[in-house]
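What follows is a single structure, written as structure tokens, with notes after it.
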Amino acid sequence: QVQLVESGGGLVQAGGSLTLSCTISGNIFRVVAMGWYRQAPGKQRDMVATVNSGGATNYADSVKGRFTISTDNGKTLIYLQMNSLKPEDTAVYYCNVRDGRNQDHWGQGTQVTVSS
């Protein structure tokens, strides 16, 4: 059974930094992409950053230059380094893996709160 567990969320002041981690366990049929998404209260879940199997990254415009996604070579860890955090970055952050069957696997989410 595939399991994704996020960690590293918390409360930080504007301008601060946090690093989120996602640990992946279980067998995933051919990882196509890995990424981070976030959902603020009353809003839809949006893409923050993704990396595909070829290593190409994609970032939401709102986080470009501030956030960096990375993975380990074994594709069992996903990181999101978040710098220069803003109050509008406050959300629940979810890690995601999409497999070769186009199935999405999600973690339970970790809360990030940025105070002004």
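A note on labels: chains of the structure tokens are A, B, ... as shown, every chain counts residues from 1, and ligands are counted from 1 in their shown order.
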Residue neighbourhood stretch 45-51 of chain A, 6 Å, only C-alpha atoms, exclusion window fewer than 3 positions, as a PyMOL selection string: chain A and resi 33-39+55-60
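Residues in contact range of stretch 84-87 of chain A, defined as at most 6 Å between only C-alpha atoms, with sequence neighbours fewer than 2 positions away removed, read Ala14, Gly15, Gly16, Asp89, Thr90, Val114, Ser115 and Ser116 of chain A.
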Would you save the residues from that selection as a compact mmCIF listing (two decimals), in the first residue's frame, using C-alpha atoms?
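Listed below is the output, result_30.txt:
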```
# COMPACT_ATOMS: atom_id res chain seq x y z
CA ALA A 14 6.71 36.60 7.00
CA GLY A 15 10.10 36.54 5.35
CA GLY A 16 11.05 33.31 7.06
CA ASP A 89 1.43 31.16 1.41
CA THR A 90 -0.65 30.03 4.38
CA VAL A 114 2.77 32.57 7.82
CA SER A 115 2.13 35.47 10.15
CA SER A 116 2.46 39.08 9.05
```
Residues of stretch 63-101 of chain A in strand (DSSP E or B), written as a list of chain:residue names: A:Phe67, A:Thr68, A:Ile69, A:Ser70, A:Thr71, A:Leu77, A:Ile78, A:Tyr79, A:Leu80, A:Gln81, A:Met82, A:Ala91, A:Val92, A:Tyr93, A:Tyr94, A:Cys95, A:Asn96, A:Val97, A:Arg98, A:Asp99
Write out as a PDB file with all heavy atoms, in the first residue's frame the set of residues from chain A that DSSP, computed on the backbone, places in helix (DSSP H, G or I).
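What landed in selection00.pdb:
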```pdb
ATOM      1  N   ASP A  61       3.417  30.523 -10.581  1.00  0.00           N
ATOM      2  CA  ASP A  61       4.024  31.852 -10.721  1.00  0.00           C
ATOM      3  C   ASP A  61       4.227  32.520  -9.364  1.00  0.00           C
ATOM      4  O   ASP A  61       5.210  33.234  -9.160  1.00  0.00           O
ATOM      5  CB  ASP A  61       3.140  32.735 -11.598  1.00  0.00           C
ATOM      6  CG  ASP A  61       3.179  32.343 -13.062  1.00  0.00           C
ATOM      7  OD1 ASP A  61       4.128  31.619 -13.461  1.00  0.00           O
ATOM      8  OD2 ASP A  61       2.269  32.731 -13.803  1.00  0.00           O
ATOM      9  N   SER A  62       3.318  32.267  -8.450  1.00  0.00           N
ATOM     10  CA  SER A  62       3.360  32.949  -7.157  1.00  0.00           C
ATOM     11  C   SER A  62       4.533  32.518  -6.286  1.00  0.00           C
ATOM     12  O   SER A  62       4.858  33.201  -5.311  1.00  0.00           O
ATOM     13  CB  SER A  62       2.054  32.718  -6.401  1.00  0.00           C
ATOM     14  OG  SER A  62       1.837  31.335  -6.198  1.00  0.00           O
ATOM     15  N   VAL A  63       5.171  31.395  -6.614  1.00  0.00           N
ATOM     16  CA  VAL A  63       6.267  30.899  -5.771  1.00  0.00           C
ATOM     17  C   VAL A  63       7.603  30.854  -6.501  1.00  0.00           C
ATOM     18  O   VAL A  63       8.630  30.529  -5.897  1.00  0.00           O
ATOM     19  CB  VAL A  63       5.952  29.501  -5.202  1.00  0.00           C
ATOM     20  CG1 VAL A  63       4.605  29.502  -4.486  1.00  0.00           C
ATOM     21  CG2 VAL A  63       6.010  28.429  -6.265  1.00  0.00           C
ATOM     22  N   PRO A  87       2.302  35.877   3.966  1.00  0.00           N
ATOM     23  CA  PRO A  87       1.035  35.428   4.575  1.00  0.00           C
ATOM     24  C   PRO A  87       0.142  34.678   3.585  1.00  0.00           C
ATOM     25  O   PRO A  87      -0.568  33.737   3.978  1.00  0.00           O
ATOM     26  CB  PRO A  87       0.396  36.733   5.036  1.00  0.00           C
ATOM     27  CG  PRO A  87       1.548  37.624   5.337  1.00  0.00           C
ATOM     28  CD  PRO A  87       2.575  37.286   4.283  1.00  0.00           C
ATOM     29  N   GLU A  88       0.192  35.047   2.322  1.00  0.00           N
ATOM     30  CA  GLU A  88      -0.639  34.363   1.319  1.00  0.00           C
ATOM     31  C   GLU A  88      -0.160  32.954   1.003  1.00  0.00           C
ATOM     32  O   GLU A  88      -0.827  32.221   0.271  1.00  0.00           O
ATOM     33  CB  GLU A  88      -0.740  35.191   0.037  1.00  0.00           C
ATOM     34  CG  GLU A  88       0.582  35.651  -0.522  1.00  0.00           C
ATOM     35  CD  GLU A  88       0.931  37.068  -0.102  1.00  0.00           C
ATOM     36  OE1 GLU A  88       0.745  37.414   1.081  1.00  0.00           O
ATOM     37  OE2 GLU A  88       1.413  37.836  -0.967  1.00  0.00           O
ATOM     38  N   ASP A  89       0.971  32.550   1.542  1.00  0.00           N
ATOM     39  CA  ASP A  89       1.429  31.161   1.405  1.00  0.00           C
ATOM     40  C   ASP A  89       0.777  30.246   2.441  1.00  0.00           C
ATOM     41  O   ASP A  89       0.961  29.027   2.399  1.00  0.00           O
ATOM     42  CB  ASP A  89       2.949  31.077   1.569  1.00  0.00           C
ATOM     43  CG  ASP A  89       3.699  31.779   0.449  1.00  0.00           C
ATOM     44  OD1 ASP A  89       3.290  31.651  -0.714  1.00  0.00           O
ATOM     45  OD2 ASP A  89       4.706  32.460   0.760  1.00  0.00           O
TER      46      ASP A  89
END
```
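Interatomic distance, atom CA of A:Thr68 against atom CA of A:Gln1: 28.2 Å.
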Residue neighbourhood stretch 103-112 of chain A, 6 Å, only C-alpha atoms, exclusion window fewer than 4 positions, as a PyMOL selection string: chain A and resi 4-5+9-10+90-99
Any chance you can output those residues with N, CA, C and O atoms as a compact mmCIF listing (two decimals), in the first residue's frame?
```txt
# COMPACT_ATOMS: atom_id res chain seq x y z
N LEU A 4 2.10 8.30 1.72
CA LEU A 4 2.88 9.53 1.67
C LEU A 4 2.65 10.28 2.98
O LEU A 4 1.50 10.49 3.38
N VAL A 5 3.73 10.67 3.63
CA VAL A 5 3.63 11.36 4.91
C VAL A 5 4.44 12.64 4.86
O VAL A 5 5.66 12.61 4.67
N GLY A 9 5.80 21.30 8.43
CA GLY A 9 4.96 22.48 8.48
C GLY A 9 5.04 23.16 9.84
O GLY A 9 5.64 22.64 10.78
N GLY A 10 4.43 24.34 9.93
CA GLY A 10 4.44 25.05 11.20
C GLY A 10 4.10 26.51 11.02
O GLY A 10 3.60 26.93 9.97
N THR A 90 0.02 30.83 3.36
CA THR A 90 -0.65 30.03 4.38
C THR A 90 -1.64 29.08 3.74
O THR A 90 -2.51 29.48 2.96
N ALA A 91 -1.50 27.79 4.06
CA ALA A 91 -2.35 26.76 3.47
C ALA A 91 -1.95 25.41 4.06
O ALA A 91 -0.95 25.29 4.76
N VAL A 92 -2.76 24.42 3.74
CA VAL A 92 -2.35 23.03 3.99
C VAL A 92 -1.61 22.56 2.73
O VAL A 92 -2.13 22.69 1.62
N TYR A 93 -0.42 22.04 2.94
CA TYR A 93 0.42 21.60 1.83
C TYR A 93 0.37 20.07 1.74
O TYR A 93 0.55 19.37 2.74
N TYR A 94 0.14 19.59 0.52
CA TYR A 94 0.03 18.15 0.26
C TYR A 94 1.11 17.71 -0.73
O TYR A 94 1.34 18.38 -1.74
N CYS A 95 1.73 16.59 -0.44
CA CYS A 95 2.62 16.02 -1.46
C CYS A 95 1.83 15.03 -2.32
O CYS A 95 0.81 14.49 -1.89
N ASN A 96 2.31 14.88 -3.52
CA ASN A 96 1.59 14.09 -4.53
C ASN A 96 2.57 13.30 -5.38
O ASN A 96 3.65 13.77 -5.70
N VAL A 97 2.17 12.09 -5.71
CA VAL A 97 2.89 11.29 -6.70
C VAL A 97 1.88 10.81 -7.73
O VAL A 97 0.83 10.28 -7.36
N ARG A 98 2.19 11.00 -8.99
CA ARG A 98 1.35 10.46 -10.07
C ARG A 98 2.09 9.29 -10.69
O ARG A 98 3.28 9.40 -11.04
N ASP A 99 1.37 8.17 -10.83
CA ASP A 99 2.03 6.98 -11.35
C ASP A 99 1.73 6.77 -12.83
O ASP A 99 0.99 7.55 -13.46
```
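Of the listed residues (A:Ser21, A:Ala40, A:Gln81, A:Val31), A:Gln81 comes nearest to A:Lys64; the distances count only C-alpha atoms.
With only C-alpha atoms as the basis for measurement, A:Ile24 is the residue among A:Leu18, A:Leu11, A:Val2, A:Ile24 that approaches A:Leu77 most closely.
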For atom CA of A:Asn83 and atom CA of A:Ser25, the interatomic separation in Å (one decimal): 27.4 Å
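One finds atom CA of A:Thr71 at 16.4 Å from atom CA of A:Gly26.
In this comparison, which uses only C-alpha atoms, the residue of A:Met82, A:Asp72, A:Asn102, A:Gly54 approaching A:Gly8 most closely is A:Met82.
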